[in-house]
>>> print(open('structure_7.tsv').read())   # TSV, C-alpha atoms
chain	number	residue	atom	x	y	z
D	1	MET	CA	-20.34	-18.45	7.77
D	2	ASP	CA	-19.37	-14.75	7.67
D	3	VAL	CA	-18.61	-12.95	4.41
D	4	PRO	CA	-14.92	-11.93	4.36
D	5	ARG	CA	-13.95	-8.33	3.70
D	6	PHE	CA	-11.54	-7.74	0.81
D	7	ARG	CA	-8.89	-5.95	2.90
D	8	GLU	CA	-8.97	-8.48	5.70
D	9	LEU	CA	-8.78	-11.38	3.26
D	10	THR	CA	-5.84	-9.84	1.39
D	11	ALA	CA	-4.05	-9.09	4.68
D	12	ILE	CA	-4.30	-12.77	5.64
D	13	PHE	CA	-2.66	-13.84	2.39
D	14	PHE	CA	0.00	-11.13	2.79
D	15	ARG	CA	0.86	-12.24	6.35
D	16	SER	CA	0.85	-15.94	5.45
D	17	GLY	CA	3.10	-15.42	2.41
D	18	SER	CA	5.47	-12.86	3.94
D	19	PHE	CA	6.17	-14.29	7.35
D	20	THR	CA	5.94	-18.05	6.83
D	21	LEU	CA	9.23	-19.72	5.99
D	22	GLY	CA	9.61	-23.13	4.38
D	23	GLY	CA	7.67	-22.88	1.13
D	24	GLY	CA	4.16	-23.88	0.15
D	25	ASN	CA	3.04	-26.38	2.77
D	26	PRO	CA	3.62	-24.14	5.83
D	27	ILE	CA	1.86	-21.26	4.04
D	28	GLN	CA	-1.12	-23.47	3.23
D	29	ALA	CA	-1.18	-24.64	6.86
D	30	ALA	CA	-1.23	-20.98	7.97
D	31	LEU	CA	-4.09	-20.27	5.53
D	32	HIS	CA	-6.05	-23.23	6.88
D	33	LEU	CA	-5.62	-21.91	10.40
D	34	GLU	CA	-6.79	-18.41	9.46
D	35	LEU	CA	-9.56	-19.16	6.94
D	36	VAL	CA	-11.03	-22.38	8.38
D	37	GLU	CA	-10.28	-22.63	12.09
D	38	ARG	CA	-10.19	-19.01	13.23
D	39	ARG	CA	-12.62	-17.22	10.90
D	40	ARG	CA	-14.71	-20.14	9.61
D	41	TRP	CA	-15.06	-18.58	6.16
D	42	LEU	CA	-14.60	-22.05	4.62
D	43	ASP	CA	-15.20	-25.52	5.99
D	44	SER	CA	-12.35	-27.98	6.18
D	45	ALA	CA	-13.73	-30.19	3.40
D	46	GLU	CA	-13.86	-27.31	0.90
D	47	PHE	CA	-10.38	-26.17	1.88
D	48	GLY	CA	-9.17	-29.76	1.43
D	49	LEU	CA	-10.77	-29.97	-2.02
D	50	ILE	CA	-9.09	-26.74	-3.18
D	51	TYR	CA	-5.77	-27.79	-1.59
D	52	GLY	CA	-5.94	-31.14	-3.40
D	53	LEU	CA	-6.98	-29.68	-6.75
D	54	ALA	CA	-4.18	-27.09	-6.59
D	55	ARG	CA	-1.74	-30.03	-6.68
D	56	PHE	CA	-3.15	-30.99	-10.10
D	57	THR	CA	-2.60	-27.44	-11.40
D	58	PRO	CA	0.62	-26.51	-13.25
D	59	GLY	CA	2.97	-24.09	-11.53
D	60	THR	CA	3.56	-23.31	-7.90
D	61	ASN	CA	0.97	-25.12	-5.78
D	62	VAL	CA	0.64	-22.51	-3.05
D	63	LEU	CA	-0.10	-19.75	-5.57
D	64	ALA	CA	-2.74	-21.88	-7.27
D	65	CYS	CA	-4.22	-22.72	-3.86
D	66	SER	CA	-4.20	-19.04	-2.81
D	67	ALA	CA	-5.83	-17.91	-6.05
D	68	ALA	CA	-8.57	-20.53	-5.80
D	69	LEU	CA	-9.26	-19.94	-2.08
D	70	ALA	CA	-9.48	-16.16	-2.53
D	71	TRP	CA	-11.58	-16.54	-5.69
D	72	ARG	CA	-14.01	-18.75	-3.81
D	73	LEU	CA	-14.29	-16.14	-1.03
D	74	GLY	CA	-14.17	-12.86	-2.99
D	75	GLY	CA	-14.13	-13.48	-6.74
D	76	TRP	CA	-11.46	-12.43	-9.24
D	77	PRO	CA	-10.35	-9.19	-7.48
D	78	ALA	CA	-9.67	-11.17	-4.31
D	79	ALA	CA	-7.80	-13.85	-6.29
D	80	ILE	CA	-5.52	-11.27	-7.96
D	81	ALA	CA	-4.89	-9.51	-4.64
D	82	ALA	CA	-4.10	-12.81	-2.88
D	83	VAL	CA	-1.57	-13.93	-5.49
D	84	VAL	CA	0.12	-10.51	-5.39
D	85	ALA	CA	0.12	-10.53	-1.57
D	86	VAL	CA	1.69	-14.01	-1.34
D	87	SER	CA	4.31	-13.59	-4.08
D	88	VAL	CA	5.48	-9.94	-4.19
D	89	PRO	CA	7.16	-9.66	-0.75
D	90	ALA	CA	9.19	-12.84	-1.38
D	91	SER	CA	10.11	-11.61	-4.87
D	92	LEU	CA	11.38	-8.29	-3.48
D	93	LEU	CA	13.45	-10.10	-0.88
D	94	VAL	CA	15.00	-12.32	-3.58
D	95	LEU	CA	16.01	-9.18	-5.48
D	96	LEU	CA	17.47	-7.65	-2.33
D	97	LEU	CA	19.48	-10.81	-1.62
D	98	LEU	CA	20.77	-11.07	-5.18
D	99	THR	CA	21.80	-7.41	-5.48
D	100	GLY	CA	23.53	-7.69	-2.10
D	101	TYR	CA	25.29	-10.84	-3.27
D	102	GLU	CA	26.45	-9.23	-6.53
D	103	GLN	CA	27.98	-6.33	-4.61
D	104	THR	CA	29.83	-8.51	-2.07
D	105	ARG	CA	30.68	-11.74	-3.89
D	106	SER	CA	34.32	-10.76	-4.49
D	107	ASN	CA	34.75	-10.78	-0.71
D	108	HIS	CA	36.31	-14.13	0.37
D	109	TRP	CA	34.19	-14.38	3.51
D	110	VAL	CA	30.97	-13.86	1.56
D	111	GLY	CA	32.16	-16.30	-1.11
D	112	HIS	CA	32.70	-19.07	1.47
D	113	ALA	CA	29.35	-18.43	3.14
D	114	ILE	CA	27.55	-18.55	-0.22
D	115	GLY	CA	29.50	-21.70	-1.14
D	116	GLY	CA	28.16	-23.43	1.99
D	117	ALA	CA	24.63	-22.23	1.27
D	118	LEU	CA	24.82	-23.61	-2.29
D	119	VAL	CA	25.81	-27.06	-1.03
D	120	ALA	CA	22.71	-27.03	1.18
D	121	VAL	CA	20.59	-26.03	-1.84
D	122	VAL	CA	21.85	-29.05	-3.79
D	123	ALA	CA	20.94	-31.24	-0.79
D	124	LEU	CA	17.53	-29.58	-0.68
D	125	ILE	CA	16.81	-30.35	-4.37
D	126	ALA	CA	17.81	-33.99	-3.88
D	127	VAL	CA	15.64	-34.31	-0.77
D	128	SER	CA	12.71	-32.60	-2.57
D	129	ALA	CA	13.00	-35.21	-5.35
D	130	TRP	CA	12.92	-37.99	-2.75
D	131	LYS	CA	9.86	-36.48	-1.06
D	132	ILE	CA	7.96	-36.54	-4.37
D	133	VAL	CA	8.78	-40.24	-4.79
D	134	LYS	CA	8.33	-41.20	-1.13
D	135	PRO	CA	4.52	-41.81	-1.22
D	136	TYR	CA	5.02	-44.23	-4.14
D	137	ALA	CA	7.95	-45.90	-2.35
D	138	SER	CA	5.76	-46.47	0.70
D	139	GLN	CA	3.34	-48.32	-1.64
D	140	ARG	CA	6.34	-50.45	-2.78
D	141	ARG	CA	5.97	-49.36	-6.42
D	142	TRP	CA	9.69	-49.86	-6.92
D	143	LEU	CA	9.71	-51.01	-10.55
D	144	ARG	CA	7.56	-48.04	-11.60
D	145	ILE	CA	9.83	-45.64	-9.69
D	146	ALA	CA	12.93	-47.19	-11.24
D	147	ILE	CA	11.53	-46.91	-14.76
D	148	LEU	CA	9.86	-43.48	-14.53
D	149	SER	CA	12.08	-41.61	-12.04
D	150	GLY	CA	15.31	-43.42	-12.90
D	151	GLY	CA	14.60	-43.25	-16.62
D	152	ALA	CA	13.87	-39.52	-16.42
D	153	THR	CA	17.10	-38.91	-14.47
D	154	ILE	CA	19.21	-40.79	-17.02
D	155	ALA	CA	17.43	-39.29	-20.04
D	156	LEU	CA	17.94	-35.72	-18.83
D	157	ALA	CA	21.44	-36.17	-17.40
D	158	SER	CA	22.63	-37.72	-20.64
D	159	GLY	CA	21.06	-34.95	-22.71
D	160	TRP	CA	19.12	-37.38	-24.88
D	161	LEU	CA	15.73	-35.72	-24.49
D	162	SER	CA	14.23	-32.41	-23.40
D	163	PRO	CA	12.33	-32.29	-20.06
D	164	ILE	CA	8.95	-31.81	-21.75
D	165	THR	CA	9.52	-34.81	-24.04
D	166	ILE	CA	10.51	-36.86	-20.99
D	167	LEU	CA	7.32	-35.90	-19.12
D	168	ALA	CA	5.17	-36.80	-22.14
D	169	LEU	CA	6.96	-40.14	-22.55
D	170	ALA	CA	6.50	-40.80	-18.82
D	171	VAL	CA	2.70	-40.55	-19.18
D	172	LEU	CA	2.78	-43.04	-22.08
D	173	ALA	CA	5.16	-45.33	-20.19
D	174	GLY	CA	2.89	-45.17	-17.13
D	175	PHE	CA	-0.11	-46.35	-19.18
D	176	ALA	CA	2.05	-49.11	-20.74
D	177	LEU	CA	3.08	-50.27	-17.25
D	178	ASP	CA	-0.61	-50.35	-16.24
D	179	ARG	CA	-1.35	-52.64	-19.18
D	180	LEU	CA	1.54	-54.91	-18.19
D	181	GLY	CA	0.15	-55.11	-14.67
D	182	VAL	CA	3.11	-53.37	-13.03
D	183	LYS	CA	2.07	-52.00	-9.64
Z	184	MET	CA	17.05	-9.50	-24.06
Z	185	ASN	CA	13.53	-9.66	-25.49
Z	186	LEU	CA	11.21	-9.62	-22.47
Z	187	LEU	CA	8.35	-11.41	-24.25
Z	188	TRP	CA	10.69	-14.25	-25.23
Z	189	LEU	CA	12.01	-14.36	-21.65
Z	190	TYR	CA	8.45	-14.51	-20.33
Z	191	LEU	CA	7.55	-17.35	-22.70
Z	192	LEU	CA	10.59	-19.41	-21.68
Z	193	LEU	CA	9.95	-18.87	-17.95
Z	194	ALA	CA	6.23	-19.54	-18.37
Z	195	LYS	CA	7.09	-22.76	-20.21
Z	196	ALA	CA	8.98	-23.85	-17.07
Z	197	THR	CA	6.12	-22.98	-14.70
Z	198	LEU	CA	3.28	-24.25	-16.89
Z	199	THR	CA	4.89	-27.67	-17.32
Z	200	SER	CA	5.71	-28.26	-13.64
Z	201	PHE	CA	3.54	-29.37	-10.73
Z	202	SER	CA	5.41	-27.89	-7.78
Z	203	GLY	CA	7.81	-25.01	-7.16
Z	204	MET	CA	11.09	-26.82	-7.75
Z	205	THR	CA	10.12	-29.17	-10.57
Z	206	SER	CA	10.31	-26.20	-12.94
Z	207	LEU	CA	14.07	-26.25	-12.32
Z	208	ALA	CA	14.81	-28.97	-14.90
Z	209	ILE	CA	13.12	-27.07	-17.71
Z	210	ALA	CA	14.56	-23.70	-16.67
Z	211	ARG	CA	18.09	-25.15	-16.52
Z	212	ASN	CA	17.65	-26.90	-19.85
Z	213	ASP	CA	16.52	-23.68	-21.57
Z	214	PHE	CA	18.70	-21.02	-19.92
Z	215	VAL	CA	21.89	-22.93	-19.08
Z	216	LEU	CA	22.17	-25.73	-21.63
Z	217	GLN	CA	20.29	-24.56	-24.74
Z	218	HIS	CA	20.84	-20.80	-24.82
Z	219	HIS	CA	23.87	-20.38	-22.48
Z	220	LEU	CA	22.36	-17.25	-20.95
Z	221	LEU	CA	22.89	-18.30	-17.35
Z	222	THR	CA	25.59	-20.24	-15.52
Z	223	ASP	CA	24.88	-23.07	-13.07
Z	224	GLN	CA	26.40	-20.85	-10.37
Z	225	GLN	CA	23.86	-18.08	-11.09
Z	226	LEU	CA	21.01	-20.58	-11.18
Z	227	THR	CA	22.02	-22.08	-7.83
Z	228	THR	CA	22.42	-18.60	-6.31
Z	229	ALA	CA	18.91	-17.67	-7.48
Z	230	ILE	CA	17.56	-20.87	-5.88
Z	231	ALA	CA	19.41	-20.11	-2.63
Z	232	ALA	CA	17.97	-16.59	-2.55
Z	233	GLY	CA	14.51	-18.01	-3.20
Z	234	ARG	CA	14.85	-20.45	-0.32
Z	235	LEU	CA	16.13	-17.81	2.08
Z	236	ALA	CA	13.06	-15.69	1.40
Z	237	PRO	CA	9.66	-16.58	2.84
Z	238	GLY	CA	6.90	-17.39	0.36
Z	239	PRO	CA	6.58	-19.85	-2.53
Z	240	ASN	CA	9.55	-22.04	-3.55
Z	241	GLY	CA	9.23	-21.13	-7.23
Z	242	VAL	CA	10.16	-17.51	-6.48
Z	243	TYR	CA	13.70	-18.28	-7.71
Z	244	LEU	CA	12.32	-17.54	-11.21
Z	245	VAL	CA	12.34	-13.85	-10.23
Z	246	GLY	CA	16.09	-14.25	-9.65
Z	247	ILE	CA	16.56	-15.81	-13.10
Z	248	GLY	CA	14.69	-12.90	-14.67
Z	249	TYR	CA	16.84	-10.43	-12.73
Z	250	TYR	CA	20.08	-12.08	-13.87
Z	251	LEU	CA	18.98	-12.02	-17.51
Z	252	ALA	CA	17.37	-8.58	-17.83
Z	253	GLY	CA	17.75	-6.65	-14.57
Z	254	TYR	CA	14.66	-5.30	-12.82
Z	255	PRO	CA	12.37	-5.56	-15.90
Z	256	GLY	CA	13.47	-9.20	-16.11
Z	257	ALA	CA	12.59	-9.70	-12.45
Z	258	VAL	CA	9.07	-8.39	-13.14
Z	259	VAL	CA	8.82	-10.80	-16.10
Z	260	GLY	CA	10.00	-13.64	-13.82
Z	261	TRP	CA	7.30	-12.72	-11.31
Z	262	LEU	CA	4.65	-12.66	-14.07
Z	263	ALA	CA	5.73	-16.12	-15.24
Z	264	LEU	CA	5.57	-17.33	-11.63
Z	265	VAL	CA	2.00	-16.12	-11.03
Z	266	THR	CA	0.39	-16.78	-14.45
Z	267	PRO	CA	-0.44	-20.45	-13.83
Z	268	ALA	CA	-2.08	-19.53	-10.52
Z	269	PHE	CA	-4.79	-17.61	-12.38
Z	270	LEU	CA	-5.24	-20.42	-14.86
Z	271	SER	CA	-5.86	-22.63	-11.85
Z	272	ILE	CA	-9.23	-21.00	-11.26
Z	273	LEU	CA	-10.36	-21.99	-14.75
Z	274	LEU	CA	-8.81	-25.43	-14.37
Z	275	LEU	CA	-10.44	-25.96	-11.01
Z	276	HIS	CA	-13.88	-25.88	-12.67
Z	277	TRP	CA	-12.80	-28.66	-15.01
Z	278	LEU	CA	-10.77	-30.64	-12.47
Z	279	ARG	CA	-13.67	-30.81	-10.01
Z	280	ARG	CA	-15.35	-33.07	-12.56
Z	281	HIS	CA	-12.32	-35.11	-13.67
Z	282	SER	CA	-9.81	-35.38	-10.81
Z	283	ASP	CA	-11.34	-38.62	-9.50
Z	284	ARG	CA	-11.00	-40.43	-12.83
Z	285	PRO	CA	-8.43	-43.25	-12.45
Z	286	GLY	CA	-6.77	-42.51	-15.81
Z	287	PHE	CA	-6.21	-38.88	-14.87
Z	288	ARG	CA	-4.72	-39.77	-11.50
Z	289	ARG	CA	-2.42	-42.40	-13.04
Z	290	ALA	CA	-1.16	-39.91	-15.65
Z	291	LEU	CA	-0.45	-37.40	-12.89
Z	292	ASP	CA	1.39	-40.06	-10.85
Z	293	SER	CA	3.61	-40.76	-13.87
Z	294	VAL	CA	4.33	-37.06	-14.37
Z	295	LEU	CA	5.26	-36.64	-10.69
Z	296	MET	CA	7.58	-39.66	-10.67
Z	297	ALA	CA	9.33	-38.43	-13.82
Z	298	ALA	CA	9.49	-34.88	-12.40
Z	299	ALA	CA	11.36	-36.25	-9.36
Z	300	GLY	CA	13.91	-37.79	-11.73
Z	301	LEU	CA	14.21	-34.51	-13.65
Z	302	SER	CA	14.86	-32.60	-10.39
Z	303	LEU	CA	17.54	-35.07	-9.41
Z	304	ALA	CA	19.21	-34.84	-12.83
Z	305	SER	CA	19.17	-31.04	-12.57
Z	306	ALA	CA	20.90	-31.20	-9.18
Z	307	LEU	CA	23.82	-33.27	-10.53
Z	308	PRO	CA	25.69	-30.48	-12.38
Z	309	LEU	CA	24.92	-28.06	-9.57
Z	310	ALA	CA	26.50	-30.57	-7.18
Z	311	GLN	CA	29.59	-30.82	-9.42
Z	312	ASP	CA	30.01	-27.04	-9.19
Z	313	SER	CA	29.43	-26.62	-5.46
Z	314	ILE	CA	30.70	-29.86	-3.88
Z	315	VAL	CA	34.37	-29.70	-4.81
Z	316	ASP	CA	36.22	-31.02	-1.72
Z	317	ALA	CA	35.81	-33.11	1.44
Z	318	ARG	CA	34.30	-30.12	3.26
Z	319	GLY	CA	31.56	-29.94	0.63
Z	320	VAL	CA	30.82	-33.67	0.91
Z	321	VAL	CA	30.53	-33.48	4.71
Z	322	LEU	CA	28.33	-30.39	4.46
Z	323	ALA	CA	26.11	-32.02	1.81
Z	324	VAL	CA	25.63	-35.20	3.89
Z	325	ALA	CA	24.87	-33.11	6.98
Z	326	ALA	CA	22.38	-30.99	5.04
Z	327	VAL	CA	20.60	-34.05	3.60
Z	328	ALA	CA	20.37	-35.53	7.12
Z	329	ALA	CA	19.03	-32.24	8.50
Z	330	PHE	CA	16.39	-31.97	5.74
Z	331	LEU	CA	15.30	-35.61	6.14
Z	332	LEU	CA	15.57	-36.19	9.89
Z	333	THR	CA	14.62	-32.87	11.46
Z	334	LYS	CA	11.73	-30.46	11.21
Z	335	VAL	CA	14.08	-27.48	11.10
Z	336	ASP	CA	13.00	-25.01	8.42
Z	337	SER	CA	15.06	-25.05	5.20
Z	338	PHE	CA	15.89	-21.37	5.80
Z	339	TRP	CA	17.86	-22.25	8.95
Z	340	ILE	CA	19.56	-25.26	7.35
Z	341	ILE	CA	20.83	-23.17	4.42
Z	342	LEU	CA	21.91	-20.42	6.79
Z	343	GLY	CA	23.58	-23.04	9.04
Z	344	ALA	CA	25.51	-24.47	6.07
Z	345	ALA	CA	26.71	-20.96	5.20
Z	346	ALA	CA	27.81	-20.40	8.82
Z	347	LEU	CA	29.63	-23.76	8.98
Z	348	SER	CA	31.43	-23.05	5.72
Z	349	LEU	CA	32.47	-19.64	7.04
Z	350	LEU	CA	33.65	-21.20	10.32
Z	351	TYR	CA	35.73	-23.78	8.41
Z	352	PHE	CA	37.31	-20.97	6.37
Z	353	ALA	CA	38.05	-18.93	9.52
Z	354	VAL	CA	39.55	-21.81	11.52
Z	355	LEU	CA	41.61	-23.59	8.82
>>> encode(input="structure_7.tsv", output="structure tokens")
Amino acid sequence: MDVPRFRELTAIFFRSGSFTLGGGNPIQAALHLELVERRRWLDSAEFGLIYGLARFTPGTNVLACSAALAWRLGGWPAAIAAVVAVSVPASLLVLLLLTGYEQTRSNHWVGHAIGGALVAVVALIAVSAWKIVKPYASQRRWLRIAILSGGATIALASGWLSPITILALAVLAGFALDRLGVK
Amino acid sequence: MNLLWLYLLLAKATLTSFSGMTSLAIARNDFVLQHHLLTDQQLTTAIAAGRLAPGPNGVYLVGIGYYLAGYPGAVVGWLALVTPAFLSILLLHWLRRHSDRPGFRRALDSVLMAAAGLSLASALPLAQDSIVDARGVVLAVAAVAAFLLTKVDSFWIILGAAALSLLYFAVL
């Protein structure tokens, strides 16, 4: 396998993060194409290991995946450059969108357009929640989903507990369900 | 606004979540409910801006930082977004040895299932603010169907919802 050059490696992360819509998974697919299939700097198994382990890491998966891939290929400087390259262009665009929105929100036309976009965002959050649960639903782990996901929804919506407390209780509840033999 | 305090609150949201949007529950709890620094409308707008931009989903944290402390706040939001990524390199060493342990995987499964519930609970008040009439209900159902049944990128679905809302306003 060739040794990647710093600039070329950083440019790949910049292109993948700046021109790939749809969040983390499409970006990681673009990185797989560039790093594994086209340049063969990593084999598919190693990419898969880093991709999988990034899911166990707190925070945004694609940034963790980018940092680890670049670190593996070029050490800490490459990891820092990759995270900057993936996240800064999107951050600048968010700022541009928000400043533009603040300047035009009193306009009725803009207000209605933003209102429609916000409804779609609510739908997106609900669908994202379903997609997290979907693999467990396909394993028919309904009781566990009802207790852990349903319980977390009710506990937060009612204001009984903070999110961090709910996550900690979910781990304990999960182990208790294991002991009770719940699938 | 103390930037260090802002960073710690945003980092708390990113360090306790396992994907871009699951940080939403903690961010909303801290900034909207506990400290009343942000409205649900601002939070939803920041999420919309994040989804219209390419790149990671969690980039909406930059928008939260911007709302709370202007451009310095946006930089703080970006720092909170990227900090866990660097920790991942250290964690990866450890996780390589432990990620196959059944207990670890079961704990992570429990966290993910609860995180889905937290995301859903966070969407409820946002829905109350943005879905206020029959037009909103129709648009929400159409958006859910588009997200679930098509492979159209979320960028185009959000933009399509904005266009439909504008069309409804223009025609009626």
>>> axis_aligned_box(input="structure_7.tsv", around="region 72-83 of chain D", padding_each_side="4 Å", output="JSON")
{"center_x": -7.9, "center_y": -14.0, "center_z": -5.1, "size_x": 20.7, "size_y": 17.6, "size_z": 16.2}
>>> residues_around(input="structure_7.tsv", residues="Leu303 (chain Z)", least_positions_apart="2", cutoff="8 Å", atoms="all atoms listed in the file", output="list in words")
Ile125, Ala126, Ala129 and Thr153 of chain D; Ala299, Gly300, Leu301, Ser305, Ala306 and Leu307 of chain Z
>>> write_last_selection(input="structure_7.tsv", atoms="C-alpha atoms", output="PDB file, in the coordinates of the input")
ATOM      1  CA  ILE D 125      16.810 -30.350  -4.370  1.00  0.00           C
ATOM      2  CA  ALA D 126      17.810 -33.990  -3.880  1.00  0.00           C
ATOM      3  CA  ALA D 129      13.000 -35.210  -5.350  1.00  0.00           C
ATOM      4  CA  THR D 153      17.100 -38.910 -14.470  1.00  0.00           C
TER       5      THR D 153
ATOM      6  CA  ALA Z 299      11.360 -36.250  -9.360  1.00  0.00           C
ATOM      7  CA  GLY Z 300      13.910 -37.790 -11.730  1.00  0.00           C
ATOM      8  CA  LEU Z 301      14.210 -34.510 -13.650  1.00  0.00           C
ATOM      9  CA  SER Z 305      19.170 -31.040 -12.570  1.00  0.00           C
ATOM     10  CA  ALA Z 306      20.900 -31.200  -9.180  1.00  0.00           C
ATOM     11  CA  LEU Z 307      23.820 -33.270 -10.530  1.00  0.00           C
TER      12      LEU Z 307
END
>>> residues_near_point(input="structure_7.tsv", point="(6.3, -12.3, -5.7)", cutoff="9 Å", atoms="all atoms listed in the file", output="number ranges by chain")
D: 83-94; Z: 238-239, 242, 245, 258, 261-262, 264-265
>>> closest_residue(input="structure_7.tsv", among="Z:Gln217, Z:Gln225, Z:Thr333, Z:Asn240", to="chain D", atoms="all atoms listed in the file")
Z:Asn240
>>> closest_residue(input="structure_7.tsv", among="D:Val119, D:Cys65, D:Leu180, D:Ile27", to="Arg318 (chain Z)", atoms="only C-alpha atoms")
D:Val119
>>> residues_around(input="structure_7.tsv", residues="Ala82 (chain D)", least_positions_apart="4", cutoff="10 Å", atoms="all atoms listed in the file", output="CSV table (one decimal) with C-alpha atoms, in the coordinates of the input")
chain,number,residue,atom,x,y,z
D,6,PHE,CA,-11.5,-7.7,0.8
D,9,LEU,CA,-8.8,-11.4,3.3
D,10,THR,CA,-5.8,-9.8,1.4
D,11,ALA,CA,-4.0,-9.1,4.7
D,12,ILE,CA,-4.3,-12.8,5.6
D,13,PHE,CA,-2.7,-13.8,2.4
D,14,PHE,CA,0.0,-11.1,2.8
D,17,GLY,CA,3.1,-15.4,2.4
D,63,LEU,CA,-0.1,-19.8,-5.6
D,65,CYS,CA,-4.2,-22.7,-3.9
D,66,SER,CA,-4.2,-19.0,-2.8
D,67,ALA,CA,-5.8,-17.9,-6.0
D,68,ALA,CA,-8.6,-20.5,-5.8
D,69,LEU,CA,-9.3,-19.9,-2.1
D,70,ALA,CA,-9.5,-16.2,-2.5
D,71,TRP,CA,-11.6,-16.5,-5.7
D,76,TRP,CA,-11.5,-12.4,-9.2
D,77,PRO,CA,-10.4,-9.2,-7.5
D,78,ALA,CA,-9.7,-11.2,-4.3
D,86,VAL,CA,1.7,-14.0,-1.3
D,87,SER,CA,4.3,-13.6,-4.1
>>> closest_residue(input="structure_7.tsv", among="Z:Leu207, Z:Ala317, Z:Asp223, Z:Asp213", to="Tyr243 (chain Z)", atoms="all atoms listed in the file")
Z:Leu207
>>> closest_residue(input="structure_7.tsv", among="Z:Ala345, Z:Leu355, Z:Ile230, Z:Leu235", to="Ser18 (chain D)", atoms="only C-alpha atoms")
Z:Leu235
>>> residues_around(input="structure_7.tsv", residues="Gly246 (chain Z)", least_positions_apart="3", cutoff="12 Å", atoms="only C-alpha atoms", output="PyMOL selection string")
(chain D and resi 90-99+101-102) or (chain Z and resi 193+210+221+225-234+236+240-243+249-261+263-264)
>>> write_last_selection(input="structure_7.tsv", atoms="C-alpha atoms", output="PDB file, keeping the file's coordinate frame")
ATOM      1  CA  ALA D  90       9.190 -12.840  -1.380  1.00  0.00           C
ATOM      2  CA  SER D  91      10.110 -11.610  -4.870  1.00  0.00           C
ATOM      3  CA  LEU D  92      11.380  -8.290  -3.480  1.00  0.00           C
ATOM      4  CA  LEU D  93      13.450 -10.100  -0.880  1.00  0.00           C
ATOM      5  CA  VAL D  94      15.000 -12.320  -3.580  1.00  0.00           C
ATOM      6  CA  LEU D  95      16.010  -9.180  -5.480  1.00  0.00           C
ATOM      7  CA  LEU D  96      17.470  -7.650  -2.330  1.00  0.00           C
ATOM      8  CA  LEU D  97      19.480 -10.810  -1.620  1.00  0.00           C
ATOM      9  CA  LEU D  98      20.770 -11.070  -5.180  1.00  0.00           C
ATOM     10  CA  THR D  99      21.800  -7.410  -5.480  1.00  0.00           C
ATOM     11  CA  TYR D 101      25.290 -10.840  -3.270  1.00  0.00           C
ATOM     12  CA  GLU D 102      26.450  -9.230  -6.530  1.00  0.00           C
TER      13      GLU D 102
ATOM     14  CA  LEU Z 193       9.950 -18.870 -17.950  1.00  0.00           C
ATOM     15  CA  ALA Z 210      14.560 -23.700 -16.670  1.00  0.00           C
ATOM     16  CA  LEU Z 221      22.890 -18.300 -17.350  1.00  0.00           C
ATOM     17  CA  GLN Z 225      23.860 -18.080 -11.090  1.00  0.00           C
ATOM     18  CA  LEU Z 226      21.010 -20.580 -11.180  1.00  0.00           C
ATOM     19  CA  THR Z 227      22.020 -22.080  -7.830  1.00  0.00           C
ATOM     20  CA  THR Z 228      22.420 -18.600  -6.310  1.00  0.00           C
ATOM     21  CA  ALA Z 229      18.910 -17.670  -7.480  1.00  0.00           C
ATOM     22  CA  ILE Z 230      17.560 -20.870  -5.880  1.00  0.00           C
ATOM     23  CA  ALA Z 231      19.410 -20.110  -2.630  1.00  0.00           C
ATOM     24  CA  ALA Z 232      17.970 -16.590  -2.550  1.00  0.00           C
ATOM     25  CA  GLY Z 233      14.510 -18.010  -3.200  1.00  0.00           C
ATOM     26  CA  ARG Z 234      14.850 -20.450  -0.320  1.00  0.00           C
ATOM     27  CA  ALA Z 236      13.060 -15.690   1.400  1.00  0.00           C
ATOM     28  CA  ASN Z 240       9.550 -22.040  -3.550  1.00  0.00           C
ATOM     29  CA  GLY Z 241       9.230 -21.130  -7.230  1.00  0.00           C
ATOM     30  CA  VAL Z 242      10.160 -17.510  -6.480  1.00  0.00           C
ATOM     31  CA  TYR Z 243      13.700 -18.280  -7.710  1.00  0.00           C
ATOM     32  CA  TYR Z 249      16.840 -10.430 -12.730  1.00  0.00           C
ATOM     33  CA  TYR Z 250      20.080 -12.080 -13.870  1.00  0.00           C
ATOM     34  CA  LEU Z 251      18.980 -12.020 -17.510  1.00  0.00           C
ATOM     35  CA  ALA Z 252      17.370  -8.580 -17.830  1.00  0.00           C
ATOM     36  CA  GLY Z 253      17.750  -6.650 -14.570  1.00  0.00           C
ATOM     37  CA  TYR Z 254      14.660  -5.300 -12.820  1.00  0.00           C
ATOM     38  CA  PRO Z 255      12.370  -5.560 -15.900  1.00  0.00           C
ATOM     39  CA  GLY Z 256      13.470  -9.200 -16.110  1.00  0.00           C
ATOM     40  CA  ALA Z 257      12.590  -9.700 -12.450  1.00  0.00           C
ATOM     41  CA  VAL Z 258       9.070  -8.390 -13.140  1.00  0.00           C
ATOM     42  CA  VAL Z 259       8.820 -10.800 -16.100  1.00  0.00           C
ATOM     43  CA  GLY Z 260      10.000 -13.640 -13.820  1.00  0.00           C
ATOM     44  CA  TRP Z 261       7.300 -12.720 -11.310  1.00  0.00           C
ATOM     45  CA  ALA Z 263       5.730 -16.120 -15.240  1.00  0.00           C
ATOM     46  CA  LEU Z 264       5.570 -17.330 -11.630  1.00  0.00           C
TER      47      LEU Z 264
END
>>> residues_around(input="structure_7.tsv", residues="Pro58 (chain D)", least_positions_apart="6", cutoff="7 Å", atoms="all atoms listed in the file", output="ChimeraX atom specification")
/Z:197-201,267
>>> closest_residue(input="structure_7.tsv", among="D:Val182, D:Leu31, D:Leu124, D:Ile50", to="Ala328 (chain Z)", atoms="only C-alpha atoms")
D:Leu124
>>> closest_residue(input="structure_7.tsv", among="Z:Val327, Z:Ala290, Z:Leu350, Z:Leu322", to="Asp178 (chain D)", atoms="all atoms listed in the file")
Z:Ala290
